[in-house]
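For reference, the structure is listed below as structure tokens.
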Amino acid sequence: MMETVPPPAVTDQGVGASARRPDATLKVTGEFAYASDLWLDGMVWGVTLRSPHPSAWIRSIDAGPALAMPGVLAVLTHEDVPGAKFYGLDLKDQPVLAIDQVRYQGEPVAVVAADHPETARRAAAAVVVDYEPREAVTDPRKSRDVVRRQPVRRGDTFEAEVVVTGEYEVGMQDQAPLGPESGLAVPAEDGGVDLYAATQWLHVDRDQIAPCLGLPPEKVRITLAGVGGAFGAREDLSMQIHACMLALRLNRPVKMVYGREESFFGHVHRHPAWMRYEHGATRDGRLVYVRAEILLDGGAYCSSTPAVVGNAASLGAGPYEVPNVHVDATGVYTNNPPCGAMRGFGAVQACYAYESQMDRLAEACGLSPVEIRLRNAVSQGSRLATGQVIDSPAPLAEMLRELASMPLPEASRGERDLRTLPGGVSQTTHGESVRRGVGYGVGIKNICFSEGFDDYSTARVRAELVGGEPRVTVHTAAAEVGQGLVTLQAQIARTELGIEDVTVAAADTSVGSAGSSSASRQSYVTGGAVRAACEAVRERFDGLPPREALARFGPIEETREYRHRPTYPMDPDTGQGDSHTQLALCVHRAVVDVDVELGLVKVVELAAVQDVGRMMNPQALEGQIHGGSAQGLGLALMEEIQVRDGQVLNPSFTDYLIPTILDMPPMQLKIVEFPDPAAPYGLRGAGEPPTLSSTPAIAAAVRAATGLRLTRVPVRPEDIALSDSGITEGASDGKRA
């Protein structure tokens, strides 16, 4: 039996403390160098020419008019790709530049370099491409081109006393990082290239770029530039190969920076989903079975769709005890924009559907939303739908009780501040048609990579005397994308070595891979690697205090890899298997006010309880939970890329709406710590779970306020707006007149 991990010692800047971020002051003052701020003497500018069609043959490309323009240095097409013409995360199916056809609006067709960015843009527009448009496949329900189909089969009883069914839809959400795709490629004397770019996964970028350039991996050196947000958008390549091609062709540094509109075309999005669920239960609300069909639109290329399908399938029944499961999750190709990694990664879509179903089941059984979840909540020792045993704490029942005990915000009394009402900032209402609702949501998310992926991280730690005082340098390839990883690496080194002066070197490919900054995994695997390397350095102190050891032995440097326990692929026919290494839970309660005449929603409050195993940095952790909740709010009420016939209609922050400070409500937050004995320090990845449960909680609260079924997110004003006669005064109890 595993022993409980003891709590780490807390120092002012060590593990368990709210250590200050080393980049905090620079970011607050605007002095931090993001990738879009990169500059080098003699550099030129690159721009991408993109297809206006979602599906078309390319008959010819004429670069002549562009090359004739003063200041234009190069126009490259697929014929100029020096190596492999295709790349991709899971499957190399995406062309560096379109060859004989385009498969989505915005697909790169050519790249242009010029001495000024405006010249480069005008030159790209001057390239003449002869397209022959063809019929696009834009409805995933009609696609016959399957990326992955993953069934989950458990049990054989699919009859019950109470049965509820529902069909649900999730729109295409964008990660909306404020920093656009950008980078600087610099040709090197050895014939290679040095790339400085905003990314989430340095080594996988390198391993995709090098073959396309016809170079060995060691000649493609990547250094992480300042990242202005990611959330999955930077797992796939964007400008990396294009900038390197231009730099090597011209033997000059090339900078590429996307504008906001191009950014919408230049990265993947969250998979839209269509889901049909059927839940069967006993009359007292005990689950007997779950049936589900989950369809995910992967868009034009594979990206990470296979892994997203795996997550949706394995977690498709939610964190509930259910003995019989029949799930089919499928991802398909279409001519819509490519979809891939986004915070929550397949589990978000399933969570919205199964939580909506739990509310329907509660109503059918005459139970409260909290009670139906308590009666079916998983705990340590429970089995997932895949047969995997939850072998670490899973305190879902305790978390639900804690959430239910939190006080609700007071209802308004007398005159209300109009700014607190739905649309109140614009004075659209005085509260005549405003109804309040309360809803709950529960989510379960896998942490780290799953299904047998060789998921590891590498850390190099060096201790030495500088000016007679001990100093530590931590070097990994883990991407800091705003989550505070640089802070955590230094905290671990201080705790393990007892040395306060710690520097975290810039992440680059000169050290071993750290994997991707995704799947809530970096604290787990890179934290584990830094800890292991620090332990190896400490062993070489030979029991002496750091200063004495370093004075006697000189600089000490150790490199270590850290791997979590192995996972295994899901059985292709039954979905059974231990596919995940760690699971995390979060529960939300949402309180909303809804103007049922105007269809406007104001989230009054969010309350959340999350198990994090061990708090490594409390302040940063709270920020992650607030941020994840905000992204879930966006999906619930406002964020959607509008795609019609394969065309993106709203590629701007004017028309693609994300929550602002006026939309994000106050939060009550309770963080609980049930250590995972298999994880470093007992920690549990925390970045993604709040994105799951906040969306269904808000949708449920809107249902409670209006009495409407509301089976799609984001909920639109036209989904709600009714005349006064359509809703009772007591609509907050979820009943229609």
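Letters A, B, ... go to the chains of the structure tokens in the order shown; residues in each chain start at 1; ligands are counted from 1 in the same order.
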Write out as a PyMOL selection string which residues come within 9 Å of segment 709-711 of chain A when counting only C-alpha atoms, dropping same-chain ones fewer than 6 positions away.
chain A and resi 166-170+353+356+699-700+702-703+719-720
May I have the selected residues written with N, CA, C and O atoms, as an mmCIF file, in the first residue's frame?
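The resulting again-v3.cif:
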```cif
data_model
loop_
_atom_site.group_PDB
_atom_site.id
_atom_site.type_symbol
_atom_site.label_atom_id
_atom_site.label_comp_id
_atom_site.auth_asym_id
_atom_site.auth_seq_id
_atom_site.Cartn_x
_atom_site.Cartn_y
_atom_site.Cartn_z
ATOM 1 N N GLY A 166 -31.195 12.930 -24.498
ATOM 2 C CA GLY A 166 -30.987 14.306 -24.934
ATOM 3 C C GLY A 166 -29.959 14.377 -26.043
ATOM 4 O O GLY A 166 -29.073 13.526 -26.141
ATOM 5 N N GLU A 167 -30.113 15.381 -26.882
ATOM 6 C CA GLU A 167 -29.134 15.665 -27.926
ATOM 7 C C GLU A 167 -28.528 17.033 -27.649
ATOM 8 O O GLU A 167 -29.255 17.996 -27.371
ATOM 9 N N TYR A 168 -27.204 17.109 -27.744
ATOM 10 C CA TYR A 168 -26.481 18.302 -27.314
ATOM 11 C C TYR A 168 -25.464 18.711 -28.360
ATOM 12 O O TYR A 168 -24.951 17.880 -29.112
ATOM 13 N N GLU A 169 -25.164 20.017 -28.358
ATOM 14 C CA GLU A 169 -24.202 20.538 -29.334
ATOM 15 C C GLU A 169 -23.294 21.551 -28.654
ATOM 16 O O GLU A 169 -23.735 22.344 -27.810
ATOM 17 N N VAL A 170 -22.014 21.497 -29.012
ATOM 18 C CA VAL A 170 -21.025 22.456 -28.520
ATOM 19 C C VAL A 170 -20.407 23.147 -29.731
ATOM 20 O O VAL A 170 -19.964 22.487 -30.674
ATOM 21 N N ALA A 353 -22.516 17.549 -22.031
ATOM 22 C CA ALA A 353 -23.629 16.649 -22.320
ATOM 23 C C ALA A 353 -24.003 15.806 -21.106
ATOM 24 O O ALA A 353 -25.180 15.721 -20.725
ATOM 25 N N SER A 356 -25.646 17.879 -18.375
ATOM 26 C CA SER A 356 -27.022 18.230 -18.743
ATOM 27 C C SER A 356 -27.950 17.048 -18.499
ATOM 28 O O SER A 356 -29.088 17.209 -18.029
ATOM 29 N N ALA A 699 -24.843 26.856 -17.839
ATOM 30 C CA ALA A 699 -25.979 26.470 -18.681
ATOM 31 C C ALA A 699 -27.144 25.981 -17.830
ATOM 32 O O ALA A 699 -28.312 26.300 -18.110
ATOM 33 N N ALA A 700 -26.842 25.208 -16.787
ATOM 34 C CA ALA A 700 -27.902 24.709 -15.900
ATOM 35 C C ALA A 700 -28.596 25.849 -15.173
ATOM 36 O O ALA A 700 -29.819 25.828 -14.972
ATOM 37 N N VAL A 702 -28.959 28.909 -16.293
ATOM 38 C CA VAL A 702 -29.824 29.589 -17.250
ATOM 39 C C VAL A 702 -31.103 28.781 -17.468
ATOM 40 O O VAL A 702 -32.204 29.338 -17.573
ATOM 41 N N ARG A 703 -30.977 27.462 -17.523
ATOM 42 C CA ARG A 703 -32.175 26.618 -17.637
ATOM 43 C C ARG A 703 -33.089 26.824 -16.439
ATOM 44 O O ARG A 703 -34.316 26.910 -16.570
ATOM 45 N N ASP A 719 -31.975 32.039 -28.129
ATOM 46 C CA ASP A 719 -32.384 30.777 -27.512
ATOM 47 C C ASP A 719 -33.252 31.014 -26.287
ATOM 48 O O ASP A 719 -33.971 30.112 -25.842
ATOM 49 N N ILE A 720 -33.169 32.224 -25.717
ATOM 50 C CA ILE A 720 -33.818 32.513 -24.440
ATOM 51 C C ILE A 720 -35.037 33.396 -24.595
ATOM 52 O O ILE A 720 -36.068 33.180 -23.944
#
```
Close residues, Lys92 of chain A itself excluded, 12 Å, only C-alpha atoms, min 2 positions apart in chain, as number ranges by chain
A: 84-90, 94-96, 207-209, 211-212, 236-237, 301-304
Based on the selection just made, write C-alpha atoms of those residues as a tab-separated table (two decimals), in the first residue's frame.
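Once everything was written out, this is part.tsv:
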```
chain	number	residue	atom	x	y	z
A	84	ALA	CA	9.34	16.64	-46.75
A	85	LYS	CA	6.24	18.41	-47.96
A	86	PHE	CA	3.96	17.24	-45.12
A	87	TYR	CA	3.99	17.52	-41.32
A	88	GLY	CA	1.61	16.94	-38.42
A	89	LEU	CA	1.34	16.07	-34.72
A	90	ASP	CA	-0.22	12.60	-34.88
A	94	GLN	CA	-0.76	18.67	-43.54
A	95	PRO	CA	1.19	20.24	-46.43
A	96	VAL	CA	3.78	22.90	-45.63
A	207	ASP	CA	11.04	17.20	-35.11
A	208	GLN	CA	8.35	18.42	-37.53
A	209	ILE	CA	10.36	21.36	-38.90
A	211	PRO	CA	12.46	17.03	-42.13
A	212	CYS	CA	10.61	19.74	-44.07
A	236	ASP	CA	0.50	22.78	-33.78
A	237	LEU	CA	2.91	24.58	-36.08
A	301	TYR	CA	-6.35	17.92	-40.94
A	302	CYS	CA	-5.69	15.40	-38.22
A	303	SER	CA	-3.81	17.48	-35.63
A	304	SER	CA	-4.55	15.95	-32.20
```
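Taking atom CA of Val332 of chain A and atom CA of Glu135 of chain A as the two end points, the separation is 17.1 Å.
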Distance query Val72 of chain A at most 9 Å, only C-alpha atoms, self and fewer than 3 positions along chain excluded, as a ChimeraX atom specification
/A:66-69,75,112-116,119-120,123
Output the selection as a PDB file, in the first residue's frame - N, CA, C and O atoms for each residue.
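Generated file (result.pdb):
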```pdb
ATOM      1  N   ALA A  66       4.075  39.736 -57.865  1.00  0.00           N
ATOM      2  CA  ALA A  66       4.625  40.026 -56.540  1.00  0.00           C
ATOM      3  C   ALA A  66       6.122  40.269 -56.608  1.00  0.00           C
ATOM      4  O   ALA A  66       6.654  41.219 -56.012  1.00  0.00           O
ATOM      5  N   LEU A  67       6.830  39.437 -57.348  1.00  0.00           N
ATOM      6  CA  LEU A  67       8.285  39.568 -57.440  1.00  0.00           C
ATOM      7  C   LEU A  67       8.700  40.859 -58.139  1.00  0.00           C
ATOM      8  O   LEU A  67       9.825  41.352 -57.935  1.00  0.00           O
ATOM      9  N   ALA A  68       7.821  41.405 -58.943  1.00  0.00           N
ATOM     10  CA  ALA A  68       8.140  42.648 -59.658  1.00  0.00           C
ATOM     11  C   ALA A  68       8.037  43.879 -58.770  1.00  0.00           C
ATOM     12  O   ALA A  68       8.486  44.972 -59.159  1.00  0.00           O
ATOM     13  N   MET A  69       7.493  43.733 -57.581  1.00  0.00           N
ATOM     14  CA  MET A  69       7.308  44.872 -56.690  1.00  0.00           C
ATOM     15  C   MET A  69       8.620  45.227 -56.002  1.00  0.00           C
ATOM     16  O   MET A  69       9.337  44.341 -55.523  1.00  0.00           O
ATOM     17  N   VAL A  75       9.257  34.817 -53.142  1.00  0.00           N
ATOM     18  CA  VAL A  75       7.926  34.214 -53.070  1.00  0.00           C
ATOM     19  C   VAL A  75       8.131  32.709 -53.187  1.00  0.00           C
ATOM     20  O   VAL A  75       8.653  32.227 -54.198  1.00  0.00           O
ATOM     21  N   VAL A 112       5.813  34.990 -48.613  1.00  0.00           N
ATOM     22  CA  VAL A 112       6.481  36.117 -49.262  1.00  0.00           C
ATOM     23  C   VAL A 112       7.409  36.774 -48.254  1.00  0.00           C
ATOM     24  O   VAL A 112       7.066  36.891 -47.067  1.00  0.00           O
ATOM     25  N   ALA A 113       8.580  37.219 -48.699  1.00  0.00           N
ATOM     26  CA  ALA A 113       9.489  37.998 -47.863  1.00  0.00           C
ATOM     27  C   ALA A 113       9.755  39.338 -48.533  1.00  0.00           C
ATOM     28  O   ALA A 113       9.935  39.416 -49.760  1.00  0.00           O
ATOM     29  N   ALA A 114       9.776  40.395 -47.714  1.00  0.00           N
ATOM     30  CA  ALA A 114      10.050  41.738 -48.227  1.00  0.00           C
ATOM     31  C   ALA A 114      10.745  42.544 -47.145  1.00  0.00           C
ATOM     32  O   ALA A 114      10.808  42.140 -45.983  1.00  0.00           O
ATOM     33  N   ASP A 115      11.237  43.727 -47.533  1.00  0.00           N
ATOM     34  CA  ASP A 115      11.996  44.545 -46.598  1.00  0.00           C
ATOM     35  C   ASP A 115      11.119  45.341 -45.639  1.00  0.00           C
ATOM     36  O   ASP A 115      11.624  46.044 -44.762  1.00  0.00           O
ATOM     37  N   HIS A 116       9.798  45.251 -45.810  1.00  0.00           N
ATOM     38  CA  HIS A 116       8.867  45.961 -44.928  1.00  0.00           C
ATOM     39  C   HIS A 116       7.599  45.118 -44.819  1.00  0.00           C
ATOM     40  O   HIS A 116       7.168  44.518 -45.818  1.00  0.00           O
ATOM     41  N   THR A 119       4.913  46.006 -47.382  1.00  0.00           N
ATOM     42  CA  THR A 119       5.291  45.554 -48.726  1.00  0.00           C
ATOM     43  C   THR A 119       5.034  44.065 -48.869  1.00  0.00           C
ATOM     44  O   THR A 119       4.523  43.596 -49.902  1.00  0.00           O
ATOM     45  N   ALA A 120       5.379  43.295 -47.853  1.00  0.00           N
ATOM     46  CA  ALA A 120       5.160  41.850 -47.895  1.00  0.00           C
ATOM     47  C   ALA A 120       3.674  41.525 -48.016  1.00  0.00           C
ATOM     48  O   ALA A 120       3.283  40.618 -48.769  1.00  0.00           O
ATOM     49  N   ALA A 123       2.520  42.337 -51.506  1.00  0.00           N
ATOM     50  CA  ALA A 123       3.057  41.351 -52.447  1.00  0.00           C
ATOM     51  C   ALA A 123       2.283  40.045 -52.370  1.00  0.00           C
ATOM     52  O   ALA A 123       2.000  39.409 -53.403  1.00  0.00           O
TER      53      ALA A 123
END
```
